[in-house]
>>> print(open('start19.txt').read())   # compact mmCIF, C-alpha atoms
# COMPACT_ATOMS: atom_id res chain seq x y z
CA MET A 271 55.63 -109.22 82.81
CA GLU A 272 57.72 -106.34 84.08
CA LYS A 273 56.33 -104.67 87.13
CA LEU A 274 55.25 -101.11 86.34
CA ILE A 275 54.18 -99.56 89.62
CA GLN A 276 52.56 -101.13 92.62
CA PRO A 277 49.89 -103.40 91.09
CA LEU A 278 46.58 -101.56 91.13
CA LYS A 279 44.33 -102.82 93.87
CA SER A 280 40.95 -101.14 93.57
CA THR A 281 38.40 -101.81 96.28
CA LEU A 282 35.08 -102.36 94.56
CA CYS A 283 31.54 -101.55 95.52
CA LEU A 284 30.84 -105.29 95.63
CA MET A 285 33.55 -105.76 98.24
CA THR A 286 35.73 -107.53 95.70
CA MET A 287 39.13 -106.51 94.38
CA ILE A 288 40.97 -106.50 91.06
CA GLU A 289 44.69 -106.48 90.59
CA LEU A 290 46.36 -105.23 87.42
CA ASN A 291 49.92 -105.96 86.43
CA ILE A 292 50.85 -103.77 83.47
CA SER A 293 54.17 -103.87 81.66
CA SER A 294 56.31 -100.75 81.82
CA LYS A 295 56.65 -101.07 78.04
CA CYS A 296 53.12 -99.66 77.75
CA PHE A 297 54.34 -96.28 79.01
CA ASN A 298 56.74 -93.57 77.97
CA PRO A 299 59.43 -93.49 80.70
CA ILE A 300 59.40 -89.70 81.21
CA TYR A 301 55.69 -89.76 82.10
CA LEU A 302 56.06 -92.87 84.20
CA GLU A 303 58.57 -90.99 86.31
CA HIS A 304 56.93 -87.57 86.56
CA MET A 305 53.20 -88.06 85.90
CA MET A 306 51.74 -91.33 87.10
CA ASN A 307 52.12 -90.70 90.84
CA ASN A 308 52.32 -86.91 90.75
CA GLN A 309 50.24 -85.37 93.55
CA ASN A 310 50.87 -81.67 92.97
CA ARG A 311 47.72 -79.53 93.01
CA LYS A 312 48.55 -77.84 89.66
CA GLN A 313 50.28 -79.90 86.96
CA HIS A 314 51.50 -78.70 83.57
CA TYR A 315 52.47 -81.02 80.73
CA PHE A 316 53.63 -78.88 77.83
CA GLY A 317 56.01 -79.05 74.90
CA GLY A 318 56.13 -80.07 71.27
CA SER A 319 53.61 -81.92 69.15
CA SER A 320 53.53 -85.73 69.16
CA SER A 321 55.24 -85.88 72.55
CA GLY A 322 52.67 -88.26 74.06
CA LYS A 323 51.08 -85.82 76.52
CA SER A 324 47.45 -86.73 75.84
CA PHE A 325 48.25 -90.42 75.35
CA SER A 326 49.93 -90.62 78.76
CA LEU A 327 47.32 -88.54 80.58
CA ALA A 328 44.62 -90.82 79.19
CA GLN A 329 46.51 -93.80 80.63
CA ARG A 330 46.73 -92.13 84.04
CA THR A 331 43.05 -91.20 83.95
CA VAL A 332 41.91 -94.79 83.40
CA LEU A 333 44.11 -96.12 86.21
CA ASP A 334 43.03 -93.35 88.58
CA VAL A 335 39.33 -93.96 87.99
CA LEU A 336 39.79 -97.65 88.73
CA GLU A 337 41.16 -96.54 92.11
CA GLY A 338 38.16 -94.30 92.80
CA ARG A 339 39.00 -90.84 91.44
CA ASN A 340 36.43 -88.77 89.51
CA TYR A 341 37.63 -86.81 86.47
CA LEU A 342 36.29 -83.82 84.55
CA ILE A 343 38.04 -83.42 81.20
CA CYS A 344 37.61 -80.12 79.35
CA ARG A 345 38.40 -78.45 76.08
CA ASN A 346 37.42 -74.97 75.06
CA VAL A 347 34.71 -76.21 72.67
CA ALA A 348 32.70 -79.31 73.56
CA THR A 349 32.41 -80.66 70.02
CA THR A 350 36.19 -81.12 69.76
CA ILE A 351 36.21 -83.65 72.60
CA LYS A 352 34.67 -86.68 70.94
CA ARG A 353 37.34 -87.04 68.27
CA SER A 354 40.28 -86.29 70.55
CA VAL A 355 40.63 -86.97 74.24
CA PHE A 356 37.46 -89.10 74.50
CA ASN A 357 38.91 -91.54 71.98
CA GLU A 358 42.27 -91.53 73.78
CA ILE A 359 40.55 -92.63 76.98
CA VAL A 360 38.76 -95.50 75.24
CA LYS A 361 42.00 -96.61 73.56
CA ALA A 362 43.76 -96.64 76.94
CA MET A 363 41.02 -98.87 78.37
CA ASN A 364 41.41 -101.28 75.48
CA ASN A 365 45.20 -101.32 75.73
CA PHE A 366 45.02 -102.11 79.45
CA LYS A 367 42.29 -104.71 78.79
CA VAL A 368 39.92 -103.10 81.29
CA ARG A 369 37.19 -101.98 78.88
CA LYS A 370 34.81 -104.52 80.45
CA TYR A 371 34.89 -102.54 83.70
CA PHE A 372 33.54 -99.36 82.10
CA ASP A 373 30.21 -98.19 80.74
CA VAL A 374 30.97 -95.78 77.88
CA ASN A 375 28.08 -93.45 77.05
CA LYS A 376 29.01 -91.86 73.73
CA SER A 377 25.91 -89.70 73.48
CA ASP A 378 26.27 -88.00 76.89
CA PHE A 379 30.08 -88.18 77.00
CA VAL A 380 30.13 -89.93 80.35
CA ILE A 381 32.29 -92.93 81.23
CA THR A 382 31.42 -94.81 84.41
CA CYS A 383 33.50 -97.48 86.12
CA THR A 384 30.97 -100.23 86.86
CA LEU A 385 33.10 -101.55 89.71
CA ASN A 386 33.12 -98.45 91.91
CA GLN A 387 30.81 -95.91 90.17
CA SER A 388 33.68 -93.45 89.66
CA GLN A 389 33.28 -91.39 86.51
CA ILE A 390 35.03 -89.52 83.71
CA LEU A 391 32.94 -86.54 82.65
CA PHE A 392 33.60 -84.38 79.58
CA THR A 393 32.57 -80.82 78.82
CA GLY A 394 33.41 -77.76 76.79
CA LEU A 395 34.14 -74.43 78.42
CA ASP A 396 31.91 -72.79 75.81
CA ASP A 397 28.92 -73.64 78.04
CA THR A 398 29.72 -72.12 81.43
CA GLU A 399 26.30 -72.86 82.93
CA LYS A 400 26.68 -76.54 82.15
CA VAL A 401 30.11 -76.62 83.79
CA LYS A 402 28.64 -75.19 86.99
CA SER A 403 26.15 -78.06 87.27
CA ILE A 404 28.49 -80.97 86.55
CA THR A 405 28.92 -83.46 89.36
CA PRO A 406 29.74 -87.19 89.49
CA ILE A 407 27.15 -89.70 90.69
CA LYS A 408 29.35 -90.73 93.62
CA GLY A 409 31.68 -88.53 95.64
CA VAL A 410 33.21 -85.31 94.33
CA LEU A 411 35.45 -84.29 91.47
CA THR A 412 39.04 -85.05 92.38
CA ASP A 413 40.68 -84.21 89.04
CA ILE A 414 40.19 -81.65 86.27
CA TRP A 415 42.19 -82.07 83.09
CA VAL A 416 42.20 -79.15 80.62
CA GLU A 417 43.32 -80.38 77.20
CA GLU A 418 44.76 -77.84 74.73
CA ALA A 419 44.79 -75.26 77.51
CA THR A 420 46.09 -72.47 75.24
CA GLU A 421 42.64 -72.45 73.60
CA CYS A 422 41.09 -71.39 76.93
CA ASN A 423 41.22 -68.12 78.81
CA LEU A 424 42.23 -67.50 82.42
CA LYS A 425 38.76 -66.39 83.53
CA SER A 426 37.27 -69.73 82.46
CA ILE A 427 40.04 -71.61 84.27
CA LYS A 428 39.45 -69.66 87.48
CA GLN A 429 35.77 -70.61 87.33
CA LEU A 430 36.71 -74.20 86.63
CA GLU A 431 38.95 -74.39 89.70
CA LYS A 432 35.91 -73.80 91.90
CA ARG A 433 34.62 -77.22 90.86
CA LEU A 434 37.39 -78.88 92.91
CA ARG A 435 35.69 -78.79 96.26
CA GLY A 436 34.24 -81.19 98.81
CA ARG A 437 35.68 -83.94 100.96
CA SER A 438 37.67 -86.74 99.41
CA LYS A 439 40.37 -89.18 100.48
CA PHE A 440 42.25 -88.19 97.31
CA LYS A 441 44.24 -85.00 96.91
CA LYS A 442 42.57 -82.79 94.31
CA ARG A 443 44.51 -81.91 91.18
CA MET A 444 44.17 -79.66 88.16
CA THR A 445 46.11 -80.71 85.07
CA PHE A 446 46.91 -78.72 81.94
CA SER A 447 48.26 -80.12 78.66
CA TYR A 448 49.23 -77.94 75.68
CA ASN A 449 51.76 -76.79 73.13
CA PRO A 450 53.37 -73.49 74.19
CA VAL A 451 52.63 -70.29 72.27
CA LEU A 452 54.26 -67.05 73.48
CA LYS A 453 55.59 -66.00 76.85
CA THR A 454 52.83 -63.39 76.96
CA SER A 455 50.32 -66.26 77.35
CA TRP A 456 48.42 -66.33 80.65
CA LEU A 457 49.70 -69.87 81.17
CA TYR A 458 53.27 -68.61 81.26
CA THR A 459 52.67 -65.48 83.31
CA GLU A 460 50.38 -67.26 85.78
CA TYR A 461 52.42 -70.40 86.45
CA PHE A 462 55.93 -70.26 84.95
CA ASN A 463 57.33 -67.00 86.27
CA GLY A 464 59.65 -67.67 89.19
CA LEU A 465 59.42 -71.46 88.84
CA TRP A 466 60.34 -72.59 85.35
CA GLN A 467 63.99 -73.04 84.35
CA ASP A 468 64.76 -73.35 80.63
CA ASP A 469 67.65 -75.74 81.26
CA LYS A 470 65.40 -78.20 83.11
CA GLN A 471 62.88 -80.72 81.82
CA TYR A 472 60.95 -81.00 85.08
CA VAL A 473 60.48 -78.55 87.95
CA GLU A 474 58.16 -78.39 90.94
CA GLY A 475 57.49 -76.05 93.83
CA ASN A 476 54.60 -74.52 95.80
CA ASP A 477 52.35 -77.48 94.85
CA VAL A 478 52.91 -76.83 91.10
CA SER A 479 54.80 -79.11 88.72
CA ILE A 480 55.86 -78.51 85.11
CA LEU A 481 57.08 -81.18 82.68
CA LYS A 482 58.34 -80.32 79.21
CA THR A 483 58.43 -83.04 76.53
CA THR A 484 59.05 -83.32 72.79
CA TYR A 485 58.68 -85.97 70.13
CA LYS A 486 62.00 -87.42 71.37
CA ASP A 487 60.24 -88.47 74.59
CA ASN A 488 57.60 -90.47 72.73
CA LEU A 489 58.80 -94.00 72.05
CA PHE A 490 55.68 -94.91 70.08
CA LEU A 491 56.24 -92.69 67.02
CA SER A 492 57.01 -94.09 63.58
CA GLN A 493 60.01 -92.88 61.58
CA ASP A 494 57.61 -90.95 59.34
CA ASP A 495 56.30 -89.14 62.42
CA VAL A 496 59.83 -88.25 63.49
CA ASP A 497 60.79 -87.08 60.01
CA GLY A 498 57.74 -84.83 59.87
CA MET A 499 58.71 -83.14 63.12
CA GLU A 500 62.36 -82.69 62.20
CA ASN A 501 61.67 -81.41 58.68
CA GLU A 502 59.54 -78.42 59.79
CA THR A 503 60.91 -75.40 57.88
CA ASP A 504 59.06 -72.55 59.59
CA PRO A 505 61.34 -71.19 62.39
CA TYR A 506 58.53 -70.38 64.80
CA HIS A 507 56.74 -73.70 64.33
CA TYR A 508 60.02 -75.57 64.63
CA GLU A 509 60.71 -73.86 67.96
CA VAL A 510 57.20 -74.37 69.33
CA TYR A 511 55.89 -77.61 67.83
CA THR A 512 59.14 -79.52 67.26
CA LEU A 513 61.33 -78.31 70.14
CA GLY A 514 58.48 -77.42 72.51
CA ASN A 515 59.84 -73.97 73.37
CA TRP A 516 57.85 -70.86 74.17
CA GLY A 517 57.91 -68.84 70.96
CA VAL A 518 59.59 -65.53 70.25
CA LEU A 519 58.43 -63.52 67.24
CA GLY A 520 59.80 -60.49 65.44
CA ALA A 521 57.77 -59.81 62.30
CA VAL A 522 54.30 -59.87 63.87
CA ILE A 523 51.69 -58.44 61.51
CA PHE A 524 49.25 -56.95 64.03
CA LYS A 525 50.39 -54.65 66.82
CA ASN A 526 47.25 -52.49 66.91
CA TRP A 527 45.22 -54.60 69.34
CA LYS A 528 44.59 -55.07 73.04
CA VAL A 529 42.56 -57.32 75.31
CA LYS A 530 39.91 -55.50 77.32
CA GLU A 531 36.62 -56.30 79.05
CA PHE A 532 33.50 -54.80 77.48
CA ASP A 533 29.80 -55.57 77.22
CA LYS A 534 29.54 -57.90 74.25
CA GLU A 535 25.79 -57.28 73.89
CA ALA A 536 25.95 -53.47 73.92
CA PHE A 537 26.17 -52.99 70.14
CA GLU A 538 23.33 -52.42 67.70
CA LYS A 539 24.98 -54.09 64.73
CA TYR A 540 27.25 -57.11 64.40
CA ARG A 541 29.23 -58.69 61.57
CA HIS A 542 29.71 -62.45 61.35
CA GLY A 543 32.29 -64.45 59.41
CA ASN A 544 33.58 -67.99 59.16
CA ASP A 545 36.46 -69.95 57.66
CA TRP A 546 35.89 -73.60 56.79
CA GLY A 547 37.99 -76.28 58.43
CA PHE A 548 40.09 -78.61 56.30
CA SER A 549 41.32 -81.89 57.79
CA ASP A 550 43.22 -80.87 60.93
CA ASP A 551 42.55 -77.16 60.39
CA PRO A 552 39.72 -75.75 62.51
CA PHE A 553 36.39 -74.35 61.48
CA ALA A 554 36.57 -70.74 62.70
CA TYR A 555 33.77 -68.27 63.43
CA VAL A 556 33.84 -64.66 64.69
CA ARG A 557 31.27 -62.08 65.75
CA VAL A 558 32.45 -58.47 65.72
CA SER A 559 31.17 -54.92 65.86
CA VAL A 560 32.64 -51.70 64.44
CA ASP A 561 32.40 -48.33 66.16
CA GLU A 562 32.00 -46.12 63.10
CA LEU A 563 31.63 -42.82 65.01
CA LYS A 564 35.31 -42.63 65.86
CA LYS A 565 37.83 -40.90 63.61
CA LYS A 566 39.86 -44.07 63.73
CA LYS A 567 37.43 -46.96 63.64
CA LYS A 568 37.40 -49.31 66.57
CA LEU A 569 36.84 -53.00 65.96
CA TYR A 570 35.39 -54.98 68.86
CA ILE A 571 35.89 -58.75 68.64
CA CYS A 572 33.05 -60.15 70.72
CA ASP A 573 33.04 -63.90 70.11
CA ASP A 574 35.20 -66.49 68.44
CA LEU A 575 34.78 -70.23 68.12
CA GLN A 576 37.16 -72.78 66.63
CA ALA A 577 36.84 -76.53 66.41
CA THR A 578 38.37 -79.27 64.29
CA ASN A 579 36.79 -82.16 62.39
CA LEU A 580 33.30 -80.67 62.38
CA SER A 581 30.64 -81.66 59.92
CA ASN A 582 28.64 -78.78 58.43
CA GLU A 583 25.73 -79.80 60.65
CA GLU A 584 27.88 -79.65 63.78
CA ALA A 585 29.35 -76.29 62.76
CA ALA A 586 25.87 -74.88 62.19
CA GLU A 587 24.69 -76.01 65.62
CA LEU A 588 27.82 -74.56 67.20
CA ILE A 589 27.26 -71.03 65.88
CA ARG A 590 23.46 -70.95 65.71
CA PRO A 591 22.92 -69.58 69.26
CA ILE A 592 25.09 -66.56 68.39
CA VAL A 593 24.50 -65.88 64.71
CA ALA A 594 20.72 -66.60 64.80
CA SER A 595 19.20 -65.18 61.57
CA SER A 596 21.96 -62.65 60.89
CA LEU A 597 23.98 -62.72 57.70
CA ILE A 598 27.31 -64.53 57.90
CA THR A 599 30.04 -64.13 55.28
CA SER A 600 31.78 -67.44 54.60
CA ASP A 601 34.96 -68.47 52.86
CA SER A 602 33.99 -68.91 49.21
CA ALA A 603 36.39 -71.86 48.76
CA GLU A 604 33.62 -74.29 49.70
CA PRO A 605 30.38 -73.43 47.84
CA LYS A 606 28.86 -76.79 48.81
CA SER A 607 29.35 -75.99 52.49
CA ILE A 608 27.71 -72.59 52.02
CA GLU A 609 24.70 -74.23 50.36
CA LYS A 610 24.53 -76.74 53.20
CA PHE A 611 24.52 -73.90 55.71
CA LYS A 612 21.59 -72.36 53.85
CA GLU A 613 19.73 -75.68 54.00
CA LEU A 614 20.39 -75.69 57.75
CA ARG A 615 18.85 -72.21 58.02
CA ILE A 616 22.13 -70.36 58.48
CA ASN A 617 21.98 -67.13 56.46
CA ALA A 618 25.35 -67.55 54.71
CA LYS A 619 26.86 -65.82 51.69
CA ALA A 620 30.20 -66.31 49.93
CA ALA A 621 33.01 -63.85 50.51
CA LYS A 622 34.17 -61.94 47.40
CA LYS A 623 37.80 -62.96 47.33
CA GLY A 624 40.07 -61.95 44.47
CA PRO A 625 43.65 -61.01 43.56
CA GLY A 626 45.20 -59.00 46.39
CA SER A 627 42.24 -59.52 48.74
CA LEU A 628 44.40 -61.03 51.48
CA GLU A 629 46.83 -58.11 51.47
CA PHE A 630 43.95 -55.66 51.22
CA GLY A 631 42.25 -57.24 54.24
CA ILE A 632 45.43 -57.18 56.33
CA LYS A 633 46.00 -53.51 55.53
CA PHE A 634 42.43 -52.72 56.48
CA LEU A 635 42.70 -54.55 59.80
CA GLN A 636 45.98 -52.75 60.51
CA SER A 637 44.16 -49.42 60.07
CA LEU A 638 41.75 -50.15 62.93
CA GLU A 639 42.04 -50.04 66.69
CA ILE A 640 41.20 -53.63 67.68
CA ILE A 641 39.73 -54.46 71.10
CA VAL A 642 39.43 -58.16 71.88
CA HIS A 643 37.16 -59.54 74.59
CA PRO A 644 39.14 -61.74 77.03
CA SER A 645 36.91 -64.72 76.20
CA CYS A 646 38.24 -64.81 72.61
CA GLN A 647 41.37 -66.81 73.31
CA ASN A 648 41.68 -68.25 69.79
CA ILE A 649 41.88 -64.79 68.21
CA ILE A 650 44.23 -63.63 70.96
CA ASN A 651 46.55 -66.53 70.12
CA GLU A 652 46.41 -65.80 66.40
CA LEU A 653 46.95 -62.06 66.68
CA SER A 654 49.95 -62.81 68.88
CA VAL A 655 51.71 -65.03 66.33
CA TYR A 656 50.42 -64.16 62.83
CA ARG A 657 53.50 -62.84 61.07
CA PHE A 658 55.30 -62.11 57.83
CA LYS A 659 57.76 -64.50 56.23
CA GLU A 660 61.48 -63.88 56.54
CA ASP A 661 64.25 -64.80 54.12
CA LYS A 662 67.38 -66.75 55.09
CA SER A 663 69.06 -63.53 56.22
CA GLY A 664 66.18 -62.63 58.52
CA ASN A 665 64.81 -59.88 56.27
CA VAL A 666 61.05 -59.46 56.52
CA LEU A 667 59.10 -60.24 53.34
CA PRO A 668 55.69 -58.66 52.59
CA ILE A 669 54.08 -62.10 52.55
CA PRO A 670 52.15 -63.49 55.56
CA VAL A 671 52.90 -67.00 56.77
CA ASP A 672 49.87 -69.14 55.92
CA LYS A 673 49.44 -70.51 59.45
CA ASP A 674 47.73 -69.38 62.65
CA ASN A 675 45.19 -67.40 60.65
CA HIS A 676 41.85 -69.23 60.60
CA GLY A 677 40.11 -66.78 62.92
CA ILE A 678 41.82 -63.85 61.20
CA ASP A 679 40.53 -65.08 57.83
CA ALA A 680 37.02 -65.29 59.31
CA LEU A 681 37.57 -61.74 60.58
CA ARG A 682 38.41 -60.48 57.08
CA TYR A 683 35.29 -62.11 55.66
CA ALA A 684 33.09 -60.62 58.40
CA LEU A 685 34.35 -57.11 57.57
CA GLU A 686 33.99 -57.44 53.80
CA SER A 687 31.25 -54.80 53.51
CA ASP A 688 33.30 -52.34 55.59
CA MET A 689 36.35 -52.80 53.38
CA VAL A 690 34.42 -52.00 50.22
CA GLU A 691 33.79 -48.49 51.53
CA ARG A 692 37.46 -47.65 52.12
CA LYS A 693 40.52 -47.49 49.91
CA VAL A 694 43.66 -49.14 51.26
CA ARG A 695 47.09 -48.71 49.67
CA THR A 696 49.10 -51.90 49.14
CA ARG A 697 52.26 -52.69 47.21
CA LYS A 698 50.06 -53.64 44.26
CA GLY A 699 48.42 -50.24 44.08
CA LEU A 700 45.27 -48.55 45.32
CA TYR A 701 42.17 -50.69 45.91
>>> encode(input="start19.txt", output="structure tokens")
Amino acid sequence: MEKLIQPLKSTLCLMTMIELNISSKCFNPIYLEHMMNNQNRKQHYFGGSSSGKSFSLAQRTVLDVLEGRNYLICRNVATTIKRSVFNEIVKAMNNFKVRKYFDVNKSDFVITCTLNQSQILFTGLDDTEKVKSITPIKGVLTDIWVEEATECNLKSIKQLEKRLRGRSKFKKRMTFSYNPVLKTSWLYTEYFNGLWQDDKQYVEGNDVSILKTTYKDNLFLSQDDVDGMENETDPYHYEVYTLGNWGVLGAVIFKNWKVKEFDKEAFEKYRHGNDWGFSDDPFAYVRVSVDELKKKKKLYICDDLQATNLSNEEAAELIRPIVASSLITSDSAEPKSIEKFKELRINAKAAKKGPGSLEFGIKFLQSLEIIVHPSCQNIINELSVYRFKEDKSGNVLPIPVDKDNHGIDALRYALESDMVERKVRTRKGLY
């Protein structure tokens, strides 16, 4: 077999040793060069979809834990972990033929190396109190990996960094993996300014490293996968998800919003809305309040949650602590899901969608002053990129692109009763 890196020699608690010889063919070369032995304190792996970021980080995680590191792996919402990065870790163990050295607890989302008691812990940043109490059974956390970091907000990340403390023979590291969104993202302003160079694929400095990859760097894709990436017709999605570039938008729909701290529990009345997830699309939920005393109404977006591949039961448990017994207006496209919510004691009703309702809802939202709490990163991302279509000449069309809008759809449903009371002019007339 080809020699990959120095064969892993992990000293075990039983004073024995194992030695692994793994072929370099198991790895994508770009990650082998810039990830596997990277010791920078802050590490960014960003770029297009299907570039192998999560696959390669899962490989590194397994090898690191065999050597004695302890990992905490996070996503913004805990329920998204089990069908994503958790499975990637298990697949990496199987591919390296080291599964026998690990105890995989699928109910608690804890993986323990039985040879040295090092652990891989998983959590969602939606439960900050739980994050504060997480600690491995032996030693301290040496690594934190934030998957899909654009879903998270900077305040949560700053809190997370405090978990990297205590004595260890390993240098502590914080790793981010994500697809880029816009240059206004906190990820760009916090880490890229002054370091990143668009003509480079890898840069490092001041204990920070940044690696950009695309589908072309992933040797394990099928031709169908490649064709899907190259045939993307939407200009923004082609730039971001195919080419892995930070996006630039012109025809953004919403410009009437800002991010600002406020007391989320200071309001007397709240509206709740949700959009159902389909396949890879997320289930989306929002809680908002409207200040009706102002001449121009202010909309406060207090909470948002998004997660993929949820069952109705999982979605209900996710929102129950916030929505409680309040009425929630749901996308009417799935009446069976609404009935299931009712069975699960979620007070749901179907939204009254009809011809022109999308345009009506957009016009209504544009008429408000929108204040978004900094914790609502999903809505922040969507408001930043939700835009109108453009023709081949770059002329803006009065038709929104049907992407990046799951939270915004939930927002329209939540405000349904408010929209009934106002008339909004659209190109189809007065509603």
>>> closest_residue(input="start19.txt", among="A:Glu460, A:Asp574, A:Glu500, A:Asp396", to="Asn648 (chain A)", atoms="only C-alpha atoms")
A:Asp574
>>> closest_residue(input="start19.txt", among="A:Pro406, A:Asp573, A:Arg345, A:Ser319", to="Gly394 (chain A)", atoms="all atoms listed in the file")
A:Arg345
>>> atom_distance(input="start19.txt", atom1="CA of Leu333 (chain A)", atom2="CA of Pro299 (chain A)")
16.5 Å
>>> residues_around(input="start19.txt", residues="Gly517 (chain A)", least_positions_apart="4", cutoff="7 Å", atoms="all atoms listed in the file", output="list of chain:residue names")
A:Val451, A:Leu452, A:Lys453, A:Tyr506, A:Glu509, A:Val510
>>> write_last_selection(input="start19.txt", atoms="C-alpha atoms", output="compact mmCIF listing (two decimals), in the frame of the given file")
# COMPACT_ATOMS: atom_id res chain seq x y z
CA VAL A 451 52.63 -70.29 72.27
CA LEU A 452 54.26 -67.05 73.48
CA LYS A 453 55.59 -66.00 76.85
CA TYR A 506 58.53 -70.38 64.80
CA GLU A 509 60.71 -73.86 67.96
CA VAL A 510 57.20 -74.37 69.33
>>> residues_around(input="start19.txt", residues="Leu491 (chain A)", least_positions_apart="6", cutoff="12 Å", atoms="all atoms listed in the file", output="ChimeraX atom specification")
/A:298,319-322,325,484-485,497-499
>>> residues_around(input="start19.txt", residues="Thr483 (chain A)", least_positions_apart="6", cutoff="12 Å", atoms="all atoms listed in the file", output="ChimeraX atom specification")
/A:298-301,304-305,314-324,326,447-450,470-472,489,510-515
>>> residues_near_point(input="start19.txt", point="(40.1, -78.3, 60.3)", cutoff="10 Å", atoms="all atoms listed in the file", output="PyMOL selection string")
chain A and resi 545-554+576-580+676
>>> atom_distance(input="start19.txt", atom1="CA of Tyr555 (chain A)", atom2="CA of Ile608 (chain A)")
13.6 Å
>>> atom_distance(input="start19.txt", atom1="CA of Tyr458 (chain A)", atom2="CA of Ala419 (chain A)")
11.4 Å
>>> closest_residue(input="start19.txt", among="A:Lys432, A:Glu337, A:Ala362, A:Leu385", to="Ser403 (chain A)", atoms="only C-alpha atoms")
A:Lys432
>>> residues_around(input="start19.txt", residues="region 371-379 of chain A", least_positions_apart="4", cutoff="9 Å", atoms="all atoms listed in the file", output="ChimeraX atom specification")
/A:336,351-352,356,360,363,383-385,390-393
>>> residues_near_point(input="start19.txt", point="(54.9, -76.9, 91.2)", cutoff="8 Å", atoms="all atoms listed in the file", output="list in words")
Asn310, Arg311, Lys312, Gln313, Leu465, Val473, Glu474, Gly475, Asn476, Asp477, Val478, Ser479 and Ile480 of chain A
>>> closest_residue(input="start19.txt", among="A:Asp679, A:Glu604, A:Val593, A:Ser663", to="Glu629 (chain A)", atoms="all atoms listed in the file")
A:Asp679
